[in-house]
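Undergrad: Please find final.cif (mmCIF, C-alpha atoms) on the next line:
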data_work
loop_
_atom_site.label_atom_id
_atom_site.label_comp_id
_atom_site.auth_asym_id
_atom_site.auth_seq_id
_atom_site.Cartn_x
_atom_site.Cartn_y
_atom_site.Cartn_z
CA MET A 1 7.59 -10.88 -28.50
CA GLU A 2 8.71 -11.63 -24.99
CA PRO A 3 7.37 -9.05 -22.50
CA GLY A 4 10.15 -7.20 -20.75
CA LEU A 5 10.95 -4.19 -18.64
CA TYR A 6 9.48 -1.63 -21.04
CA HIS A 7 6.09 -3.33 -21.09
CA LEU A 8 5.91 -3.36 -17.32
CA LEU A 9 6.95 0.28 -17.18
CA PHE A 10 4.24 1.06 -19.73
CA ILE A 11 1.64 -0.71 -17.57
CA SER A 12 2.74 1.07 -14.43
CA ALA A 13 2.84 4.50 -16.12
CA ALA A 14 -0.65 3.94 -17.54
CA LEU A 15 -1.95 2.86 -14.12
CA PHE A 16 -0.31 5.87 -12.47
CA PHE A 17 -2.01 8.32 -14.82
CA ILE A 18 -5.35 6.51 -14.55
CA GLY A 19 -5.03 7.11 -10.82
CA VAL A 20 -4.08 10.75 -11.39
CA TYR A 21 -7.11 11.21 -13.66
CA GLY A 22 -9.37 9.70 -11.02
CA PHE A 23 -7.87 11.92 -8.37
CA PHE A 24 -8.56 15.01 -10.49
CA THR A 25 -12.11 14.19 -11.50
CA ARG A 26 -13.59 12.54 -8.42
CA ARG A 27 -15.18 14.66 -5.75
CA ASN A 28 -15.98 11.86 -3.30
CA LEU A 29 -13.36 11.18 -0.64
CA ILE A 30 -13.60 7.39 -0.84
CA THR A 31 -13.12 7.32 -4.61
CA MET A 32 -10.19 9.72 -4.27
CA LEU A 33 -8.67 7.30 -1.77
CA MET A 34 -9.14 4.49 -4.31
CA SER A 35 -7.29 6.55 -6.93
CA VAL A 36 -4.42 7.04 -4.50
CA GLU A 37 -4.29 3.27 -3.99
CA LEU A 38 -3.96 2.82 -7.77
CA VAL A 39 -1.06 5.29 -7.85
CA LEU A 40 0.73 3.52 -4.98
CA ASN A 41 0.28 0.17 -6.72
CA SER A 42 1.82 1.48 -9.91
CA VAL A 43 4.84 2.64 -7.88
CA ASN A 44 5.16 -0.83 -6.36
CA LEU A 45 4.99 -2.40 -9.78
CA ASN A 46 7.78 -0.10 -10.92
CA PHE A 47 10.01 -1.06 -7.98
CA ILE A 48 9.48 -4.76 -8.59
CA ALA A 49 10.05 -4.48 -12.34
CA PHE A 50 13.34 -2.61 -11.89
CA ASN A 51 14.44 -5.10 -9.26
CA LYS A 52 13.60 -8.04 -11.49
CA TYR A 53 15.09 -6.82 -14.76
CA LEU A 54 17.95 -4.48 -13.88
CA TRP A 55 19.30 -5.54 -10.48
CA PRO A 56 18.41 -9.19 -9.96
CA ASN A 57 21.41 -9.58 -7.63
CA LYS A 58 19.77 -7.44 -4.94
CA LEU A 59 16.45 -7.35 -3.16
CA ASP A 60 16.23 -3.63 -2.48
CA GLY A 61 13.25 -2.94 -4.72
CA LEU A 62 11.33 -5.71 -3.04
CA PHE A 63 11.96 -4.22 0.39
CA PHE A 64 10.89 -0.80 -0.80
CA SER A 65 7.63 -2.22 -2.09
CA ILE A 66 7.02 -4.05 1.18
CA PHE A 67 7.50 -0.80 3.10
CA VAL A 68 5.30 1.08 0.64
CA ILE A 69 2.56 -1.51 1.13
CA ALA A 70 2.82 -1.18 4.92
CA ILE A 71 2.67 2.62 4.78
CA ALA A 72 -0.24 2.48 2.31
CA ALA A 73 -2.17 0.25 4.69
CA ALA A 74 -1.60 2.69 7.56
CA GLU A 75 -2.57 5.61 5.33
CA ALA A 76 -5.78 3.94 4.17
CA ALA A 77 -6.79 3.13 7.75
CA VAL A 78 -6.20 6.70 8.94
CA ALA A 79 -7.95 8.15 5.88
CA ILE A 80 -11.02 5.99 6.38
CA ALA A 81 -11.17 6.91 10.07
CA ILE A 82 -11.10 10.59 9.09
CA ILE A 83 -13.73 10.05 6.37
CA ILE A 84 -16.13 8.31 8.74
CA ASN A 85 -15.62 11.00 11.36
CA LEU A 86 -16.30 13.65 8.71
CA TYR A 87 -19.45 11.83 7.64
CA ARG A 88 -20.65 11.84 11.25
CA SER A 89 -20.31 15.59 11.56
CA HIS A 90 -21.25 16.69 8.01
CA HIS A 91 -23.38 13.81 6.63
CA SER A 92 -21.50 14.08 3.38
CA ILE A 93 -18.07 13.02 2.13
CA ASP A 94 -17.64 15.37 -0.82
CA VAL A 95 -14.60 17.58 -0.70
CA GLU A 96 -16.66 20.69 -1.42
CA ASN A 97 -18.61 20.20 1.80
CA ALA A 98 -15.52 19.78 3.96
CA GLU A 99 -14.21 23.28 3.85
CA GLU A 100 -13.95 24.30 7.48
CA MET A 101 -11.29 22.54 9.51
CA LYS A 102 -12.58 23.14 13.03
CA PHE A 103 -14.14 20.45 15.14
CA MET B 1 -3.86 -10.50 -20.54
CA LEU B 2 -3.09 -9.64 -16.93
CA ALA B 3 -2.07 -6.18 -18.03
CA ALA B 4 -5.35 -5.73 -19.87
CA LEU B 5 -7.30 -6.88 -16.80
CA THR B 6 -5.37 -4.46 -14.60
CA LEU B 7 -5.65 -1.46 -16.86
CA VAL B 8 -9.26 -1.91 -17.95
CA SER B 9 -10.57 -2.47 -14.46
CA GLY B 10 -8.41 0.38 -13.17
CA ALA B 11 -9.89 2.71 -15.78
CA LEU B 12 -13.40 1.52 -14.96
CA ALA B 13 -12.73 2.04 -11.25
CA VAL B 14 -12.08 5.73 -11.75
CA THR B 15 -14.87 6.35 -14.28
CA THR B 16 -17.87 4.31 -13.12
CA ARG B 17 -20.58 6.29 -11.40
CA GLN B 18 -21.66 3.65 -8.91
CA ILE B 19 -19.27 3.78 -5.99
CA PHE B 20 -19.69 0.12 -5.06
CA ARG B 21 -18.83 -0.98 -8.61
CA ALA B 22 -15.78 1.27 -8.43
CA ALA B 23 -14.62 -0.66 -5.35
CA ILE B 24 -15.14 -4.00 -7.11
CA PHE B 25 -13.20 -2.84 -10.17
CA LEU B 26 -10.42 -1.66 -7.87
CA LEU B 27 -10.39 -5.17 -6.41
CA PHE B 28 -9.92 -6.70 -9.87
CA SER B 29 -7.18 -4.23 -10.69
CA LEU B 30 -5.28 -5.15 -7.52
CA ILE B 31 -5.69 -8.85 -8.30
CA GLY B 32 -4.26 -8.18 -11.76
CA ILE B 33 -1.21 -6.54 -10.20
CA ALA B 34 -0.78 -9.53 -7.88
CA GLY B 35 -0.92 -11.73 -10.99
CA LEU B 36 1.84 -9.64 -12.55
CA TYR B 37 3.99 -10.23 -9.45
CA PHE B 38 3.34 -13.95 -9.75
CA TRP B 39 4.30 -13.77 -13.42
CA MET B 40 7.59 -12.10 -12.44
CA GLN B 41 8.14 -14.95 -9.92
CA TYR B 42 8.05 -12.69 -6.88
CA GLU B 43 5.69 -14.96 -5.02
CA PHE B 44 6.18 -13.40 -1.60
CA ILE B 45 5.30 -9.90 -2.70
CA ALA B 46 2.31 -11.26 -4.64
CA ALA B 47 1.05 -12.96 -1.49
CA VAL B 48 1.57 -9.76 0.50
CA GLN B 49 -0.30 -7.83 -2.18
CA ILE B 50 -3.27 -10.20 -2.04
CA VAL B 51 -3.40 -10.29 1.75
CA VAL B 52 -2.93 -6.59 2.40
CA TYR B 53 -4.61 -4.94 -0.57
CA VAL B 54 -7.22 -7.40 -1.78
CA GLY B 55 -8.05 -8.78 1.63
CA GLY B 56 -7.50 -5.72 3.78
CA ILE B 57 -7.76 -2.35 2.12
CA THR B 58 -10.53 -3.21 -0.32
CA VAL B 59 -12.68 -4.72 2.42
CA LEU B 60 -12.04 -1.61 4.52
CA ILE B 61 -13.10 0.60 1.60
CA ILE B 62 -16.25 -1.47 0.99
CA PHE B 63 -17.18 -1.24 4.67
CA SER B 64 -16.70 2.49 4.69
CA ILE B 65 -18.87 2.75 1.56
CA PHE B 66 -21.60 0.85 3.38
CA LEU B 67 -21.25 3.16 6.37
CA THR B 68 -21.32 6.43 4.50
CA GLN B 69 -23.29 5.92 1.31
CA GLN B 70 -26.84 5.07 0.41
CA ALA B 71 -26.74 1.85 -1.62
CA GLY B 72 -27.44 2.10 -5.32
CA GLU B 73 -27.19 5.86 -5.41
CA LEU B 74 -25.38 7.27 -8.41
CA LEU B 75 -22.57 9.71 -7.90
CA PRO B 76 -23.33 13.13 -9.35
CA LYS B 77 -22.01 13.63 -12.83
CA GLU B 78 -18.74 15.50 -13.04
CA LYS B 79 -18.44 18.75 -14.92
CA ILE B 80 -17.45 18.08 -18.51
CA GLY B 81 -14.77 20.78 -18.48
CA ARG B 82 -13.11 19.25 -15.45
CA GLN B 83 -13.18 15.81 -17.06
CA VAL B 84 -11.66 17.11 -20.29
CA PHE B 85 -8.88 19.00 -18.55
CA SER B 86 -8.06 16.12 -16.20
CA ALA B 87 -7.91 13.69 -19.11
CA LEU B 88 -5.71 16.14 -20.99
CA ALA B 89 -3.36 16.58 -18.03
CA ALA B 90 -3.14 12.84 -17.41
CA PHE B 91 -2.57 12.08 -21.08
CA CYS B 92 0.12 14.75 -21.41
CA GLY B 93 1.93 13.38 -18.37
CA PHE B 94 1.67 9.86 -19.75
CA ALA B 95 2.98 10.90 -23.18
CA LEU B 96 5.90 12.75 -21.58
CA THR B 97 6.78 9.76 -19.43
CA MET B 98 6.65 7.33 -22.33
CA LEU B 99 8.74 9.67 -24.50
CA GLN B 100 11.43 9.82 -21.82
CA LEU B 101 11.20 6.08 -21.33
CA TYR B 102 11.77 5.16 -24.96
CA GLN B 103 14.67 7.54 -25.34
CA HIS B 104 16.41 6.03 -22.34
CA SER B 105 18.18 2.71 -22.37
CA PHE B 106 18.74 0.91 -19.10
CA LYS B 107 21.96 -0.86 -18.23
CA GLN B 108 21.45 -4.27 -16.77
CA THR B 109 23.76 -5.68 -14.15
CA THR B 110 25.57 -8.87 -14.99
CA ASP B 111 26.01 -10.16 -11.47
CA GLN B 112 24.66 -13.46 -10.34
CA PRO B 113 20.95 -13.12 -9.51
CA ILE B 114 19.74 -14.18 -6.10
CA ALA B 115 16.36 -15.77 -5.65
CA PRO B 116 13.63 -13.67 -3.95
CA SER B 117 12.84 -16.51 -1.60
CA VAL B 118 11.34 -16.03 1.82
CA SER B 119 14.52 -17.01 3.69
CA ASN B 120 16.62 -14.51 1.73
CA ILE B 121 14.03 -11.82 2.34
CA GLY B 122 13.87 -12.59 6.05
CA ASN B 123 17.63 -12.65 6.49
CA GLN B 124 18.10 -9.33 4.81
CA MET B 125 15.01 -7.73 6.36
CA LEU B 126 16.22 -8.23 9.92
CA GLY B 127 19.94 -7.96 9.22
CA VAL B 128 21.85 -5.27 11.11
CA GLU B 129 25.05 -5.44 9.03
CA ASP B 130 25.46 -3.74 5.63
CA ASN B 131 22.43 -3.99 3.35
CA GLY B 132 20.27 -4.90 6.30
CA PHE B 133 16.83 -3.38 6.64
CA ALA B 134 16.39 -3.66 10.40
CA LEU B 135 16.13 0.10 11.01
CA PRO B 136 13.44 0.80 8.37
CA PHE B 137 11.60 -2.25 9.66
CA GLU B 138 11.50 -0.79 13.17
CA VAL B 139 10.49 2.62 11.84
CA VAL B 140 7.61 1.11 9.89
CA SER B 141 6.55 -0.82 12.99
CA ILE B 142 6.42 2.42 14.98
CA LEU B 143 4.50 4.07 12.14
CA LEU B 144 1.90 1.30 12.09
CA LEU B 145 1.49 1.54 15.85
CA ALA B 146 1.09 5.30 15.64
CA ALA B 147 -1.47 4.94 12.84
CA MET B 148 -3.44 2.42 14.85
CA ILE B 149 -3.54 4.66 17.92
CA GLY B 150 -4.40 7.63 15.72
CA CYS B 151 -7.33 5.77 14.17
CA ILE B 152 -8.70 4.92 17.60
CA VAL B 153 -8.33 8.51 18.78
CA ILE B 154 -10.03 9.91 15.67
CA ALA B 155 -12.86 7.40 15.89
CA LEU B 156 -13.42 8.10 19.60
CA ARG B 157 -13.29 11.85 19.44
CA SER B 158 -16.96 12.57 18.68
CA LYS B 159 -18.32 10.05 21.19
CA PRO B 160 -18.68 12.42 24.19
CA ALA B 161 -20.52 14.96 22.01
CA THR B 162 -23.14 12.44 20.95
CA ALA B 163 -23.56 10.61 24.23
#
Rewrite the coordinates I just gave you, this time as structure tokens.

TA:
Amino acid sequence: MEPGLYHLLFISAALFFIGVYGFFTRRNLITMLMSVELVLNSVNLNFIAFNKYLWPNKLDGLFFSIFVIAIAAAEAAVAIAIIINLYRSHHSIDVENAEEMKF
Amino acid sequence: MLAALTLVSGALAVTTRQIFRAAIFLLFSLIGIAGLYFWMQYEFIAAVQIVVYVGGITVLIIFSIFLTQQAGELLPKEKIGRQVFSALAAFCGFALTMLQLYQHSFKQTTDQPIAPSVSNIGNQMLGVEDNGFALPFEVVSILLLAAMIGCIVIALRSKPATA
């Protein structure tokens, strides 16, 4: 059977909920960030699959995924800067130990 | 095959207890997604995926693991109740999504497809007429600049306290 749109949507939905599961269970900030990256990648895969199979006469989905990739890169950089700063002040990157928000 | 690589390494990335292995499995998962883009013949987005995610974000994550974590230390085991309820929530969401998906039929356009080549992408990305993406491009540029400055400010903030 030739793989089509539904198979790609299945993959991206499975990847999205793997990321959601990781986000719920993990208590370490870096692994939570990795789960968020999985979720963003599944969204990108969805955009590209819809662009390829439903609207091949346009490139809109491709542009959306490019912008999502750019924003995800900025988000990861800011998140890692915050995590390293938190580690400097608390010597731990678990979410339970990061309760107070003052600096 | 690519799908299996992506999904299995994605699942291992969120369940393994060694944080460095989690980063490596995340790397394989992202490579699998880039392979899926290649398979769909979107070569440009596959190249962007490899450069930005595999080459950039994963290396950043691995560096931050080295900076904040003792090597070889296992993560503490999660509570079993939390694991069960998260798996239940994720599985219920997945089942709901798939149910909706298989009851829905998509209508495909019949227009002439255009190739996702680099010149088409570039022309439309910087076009200012209809269907041009010049304004979002500028907004994303400003966002990246702001993120870069923000990172520097956050990283510098605790320097005077320590020095």

Undergrad: Please determine, counting only C-alpha atoms, which residue among A:His90, A:Leu29, A:Ala79, A:Asn57 has the shortest atom-to-atom distance to chain B.

TA: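 The shortest atom-to-atom distance to chain B comes from A:Asn57.
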
Undergrad: Where does chain A meet chain B within 7 Å, residue by residue, with the nearest atom pair and distance in Å to one decimal for each, counting only C-alpha atoms, listed by chain and rising number, as a Markdown table?

TA:
| residue | atom | partner | partner_atom | distance |
| --- | --- | --- | --- | --- |
| A:Ile11 | CA | B:Ala3 | CA | 6.6 |
| A:Ala13 | CA | B:Phe94 | CA | 6.6 |
| A:Ala14 | CA | B:Phe94 | CA | 6.7 |
| A:Leu15 | CA | B:Leu7 | CA | 6.3 |
| A:Phe17 | CA | B:Ala90 | CA | 5.3 |
| A:Ile18 | CA | B:Ala11 | CA | 6.0 |
| A:Val20 | CA | B:Ala90 | CA | 6.4 |
| A:Tyr21 | CA | B:Ser86 | CA | 5.6 |
| A:Gly22 | CA | B:Val14 | CA | 4.9 |
| A:Phe24 | CA | B:Ser86 | CA | 5.8 |
| A:Thr25 | CA | B:Gln83 | CA | 5.9 |
| A:Ser35 | CA | B:Val14 | CA | 6.8 |
| A:Leu54 | CA | B:Gln108 | CA | 4.5 |
| A:Trp55 | CA | B:Thr109 | CA | 5.8 |
| A:Pro56 | CA | B:Pro113 | CA | 4.7 |
| A:Asn57 | CA | B:Pro113 | CA | 4.0 |
| A:Lys58 | CA | B:Ile114 | CA | 6.8 |
| A:Leu59 | CA | B:Pro116 | CA | 7.0 |
| A:Ala73 | CA | B:Ile57 | CA | 6.7 |
| A:Ala74 | CA | B:Ala147 | CA | 5.7 |
| A:Ala76 | CA | B:Ile57 | CA | 6.9 |
| A:Ala77 | CA | B:Cys151 | CA | 7.0 |
| A:Val78 | CA | B:Cys151 | CA | 5.4 |
| A:Ile80 | CA | B:Ser64 | CA | 6.9 |
| A:Ala81 | CA | B:Cys151 | CA | 5.7 |
| A:Ile82 | CA | B:Ile154 | CA | 6.7 |
| A:Ile84 | CA | B:Thr68 | CA | 7.0 |
| A:Asn85 | CA | B:Ala155 | CA | 6.4 |
| A:Tyr87 | CA | B:Thr68 | CA | 6.5 |

Undergrad: Work out how far apart CA of Leu33 (chain A) and CA of Phe10 (chain A) are and give it in Å to one decimal.

TA: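 Going from CA of Leu33 (chain A) over to CA of Phe10 (chain A) covers 23.0 Å.
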
Undergrad: Can you work out which one of A:Ile71, A:Leu62, A:Ile93, A:Leu45 has the shortest atom-to-atom distance to Leu8 (chain A), counting only C-alpha atoms?

TA: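 Ranked by minimum distance to Leu8 (chain A), first place goes to A:Leu45.
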
Undergrad: Work out how far apart CA of Asn41 (chain A) and CA of Phe38 (chain B) are and give it in Å to one decimal.

TA: 14.8 Å

Undergrad: Distance CA of Gly19 (chain A)-CA of Met34 (chain A), one decimal place?

TA: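 CA of Gly19 (chain A) sits 8.1 Å away from CA of Met34 (chain A).
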
Undergrad: Give me the residues within 10 Å of Val95 (chain A) as a PyMOL selection string, counting all atoms listed in the file and dropping any in the same chain fewer than 6 places off.

TA: chain A and resi 26-29+32

Undergrad: Box time for region 122-139 of chain B: axis-aligned, enclosing all its listed atoms, 3 Å extra on each side; report centre and edge lengths in Å to one decimal, as AutoDock Vina command-line options.

TA:
--center_x 18.0 --center_y -5.0 --center_z 8.3 --size_x 21.0 --size_y 21.3 --size_z 15.8

Undergrad: For Val43 (chain A), which residue among A:Ala70, A:Ile83, A:Leu9, A:Ile30 is the nearest when counting only C-alpha atoms?

TA: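 So, comparing all the options, the nearest one is A:Leu9.
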
Undergrad: When you get a chance, write out N, CA and C atoms for region 51-66 of chain B, as a PDB file, in the frame of the given file.

TA:
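Output below, filename selection.pdb:
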ATOM      1  N   VAL B  51      -2.924 -10.344   0.366  1.00  0.00           N
ATOM      2  CA  VAL B  51      -3.400 -10.290   1.750  1.00  0.00           C
ATOM      3  C   VAL B  51      -3.710  -8.864   2.158  1.00  0.00           C
ATOM      4  N   VAL B  52      -2.763  -7.938   1.879  1.00  0.00           N
ATOM      5  CA  VAL B  52      -2.930  -6.590   2.400  1.00  0.00           C
ATOM      6  C   VAL B  52      -3.932  -5.794   1.574  1.00  0.00           C
ATOM      7  N   TYR B  53      -3.740  -5.788   0.241  1.00  0.00           N
ATOM      8  CA  TYR B  53      -4.610  -4.940  -0.570  1.00  0.00           C
ATOM      9  C   TYR B  53      -5.959  -5.588  -0.797  1.00  0.00           C
ATOM     10  N   VAL B  54      -5.949  -6.790  -1.393  1.00  0.00           N
ATOM     11  CA  VAL B  54      -7.220  -7.400  -1.780  1.00  0.00           C
ATOM     12  C   VAL B  54      -8.024  -7.787  -0.541  1.00  0.00           C
ATOM     13  N   GLY B  55      -7.317  -8.333   0.466  1.00  0.00           N
ATOM     14  CA  GLY B  55      -8.050  -8.780   1.630  1.00  0.00           C
ATOM     15  C   GLY B  55      -8.274  -7.697   2.663  1.00  0.00           C
ATOM     16  N   GLY B  56      -7.395  -6.710   2.716  1.00  0.00           N
ATOM     17  CA  GLY B  56      -7.500  -5.720   3.780  1.00  0.00           C
ATOM     18  C   GLY B  56      -8.094  -4.405   3.340  1.00  0.00           C
ATOM     19  N   ILE B  57      -7.390  -3.724   2.433  1.00  0.00           N
ATOM     20  CA  ILE B  57      -7.760  -2.350   2.120  1.00  0.00           C
ATOM     21  C   ILE B  57      -9.077  -2.302   1.377  1.00  0.00           C
ATOM     22  N   THR B  58      -9.285  -3.254   0.439  1.00  0.00           N
ATOM     23  CA  THR B  58     -10.530  -3.210  -0.320  1.00  0.00           C
ATOM     24  C   THR B  58     -11.733  -3.488   0.567  1.00  0.00           C
ATOM     25  N   VAL B  59     -11.575  -4.445   1.502  1.00  0.00           N
ATOM     26  CA  VAL B  59     -12.680  -4.720   2.420  1.00  0.00           C
ATOM     27  C   VAL B  59     -12.950  -3.511   3.297  1.00  0.00           C
ATOM     28  N   LEU B  60     -11.870  -2.833   3.723  1.00  0.00           N
ATOM     29  CA  LEU B  60     -12.040  -1.610   4.520  1.00  0.00           C
ATOM     30  C   LEU B  60     -12.792  -0.551   3.719  1.00  0.00           C
ATOM     31  N   ILE B  61     -12.439  -0.393   2.447  1.00  0.00           N
ATOM     32  CA  ILE B  61     -13.100   0.600   1.600  1.00  0.00           C
ATOM     33  C   ILE B  61     -14.572   0.239   1.418  1.00  0.00           C
ATOM     34  N   ILE B  62     -14.850  -1.064   1.196  1.00  0.00           N
ATOM     35  CA  ILE B  62     -16.250  -1.470   0.990  1.00  0.00           C
ATOM     36  C   ILE B  62     -17.061  -1.225   2.259  1.00  0.00           C
ATOM     37  N   PHE B  63     -16.463  -1.507   3.410  1.00  0.00           N
ATOM     38  CA  PHE B  63     -17.180  -1.240   4.670  1.00  0.00           C
ATOM     39  C   PHE B  63     -17.448   0.246   4.837  1.00  0.00           C
ATOM     40  N   SER B  64     -16.465   1.055   4.511  1.00  0.00           N
ATOM     41  CA  SER B  64     -16.700   2.490   4.690  1.00  0.00           C
ATOM     42  C   SER B  64     -17.717   2.992   3.681  1.00  0.00           C
ATOM     43  N   ILE B  65     -17.800   2.377   2.499  1.00  0.00           N
ATOM     44  CA  ILE B  65     -18.870   2.750   1.560  1.00  0.00           C
ATOM     45  C   ILE B  65     -20.220   2.415   2.172  1.00  0.00           C
ATOM     46  N   PHE B  66     -20.316   1.228   2.766  1.00  0.00           N
ATOM     47  CA  PHE B  66     -21.600   0.850   3.380  1.00  0.00           C
ATOM     48  C   PHE B  66     -21.963   1.809   4.515  1.00  0.00           C
TER      49      PHE B  66
END
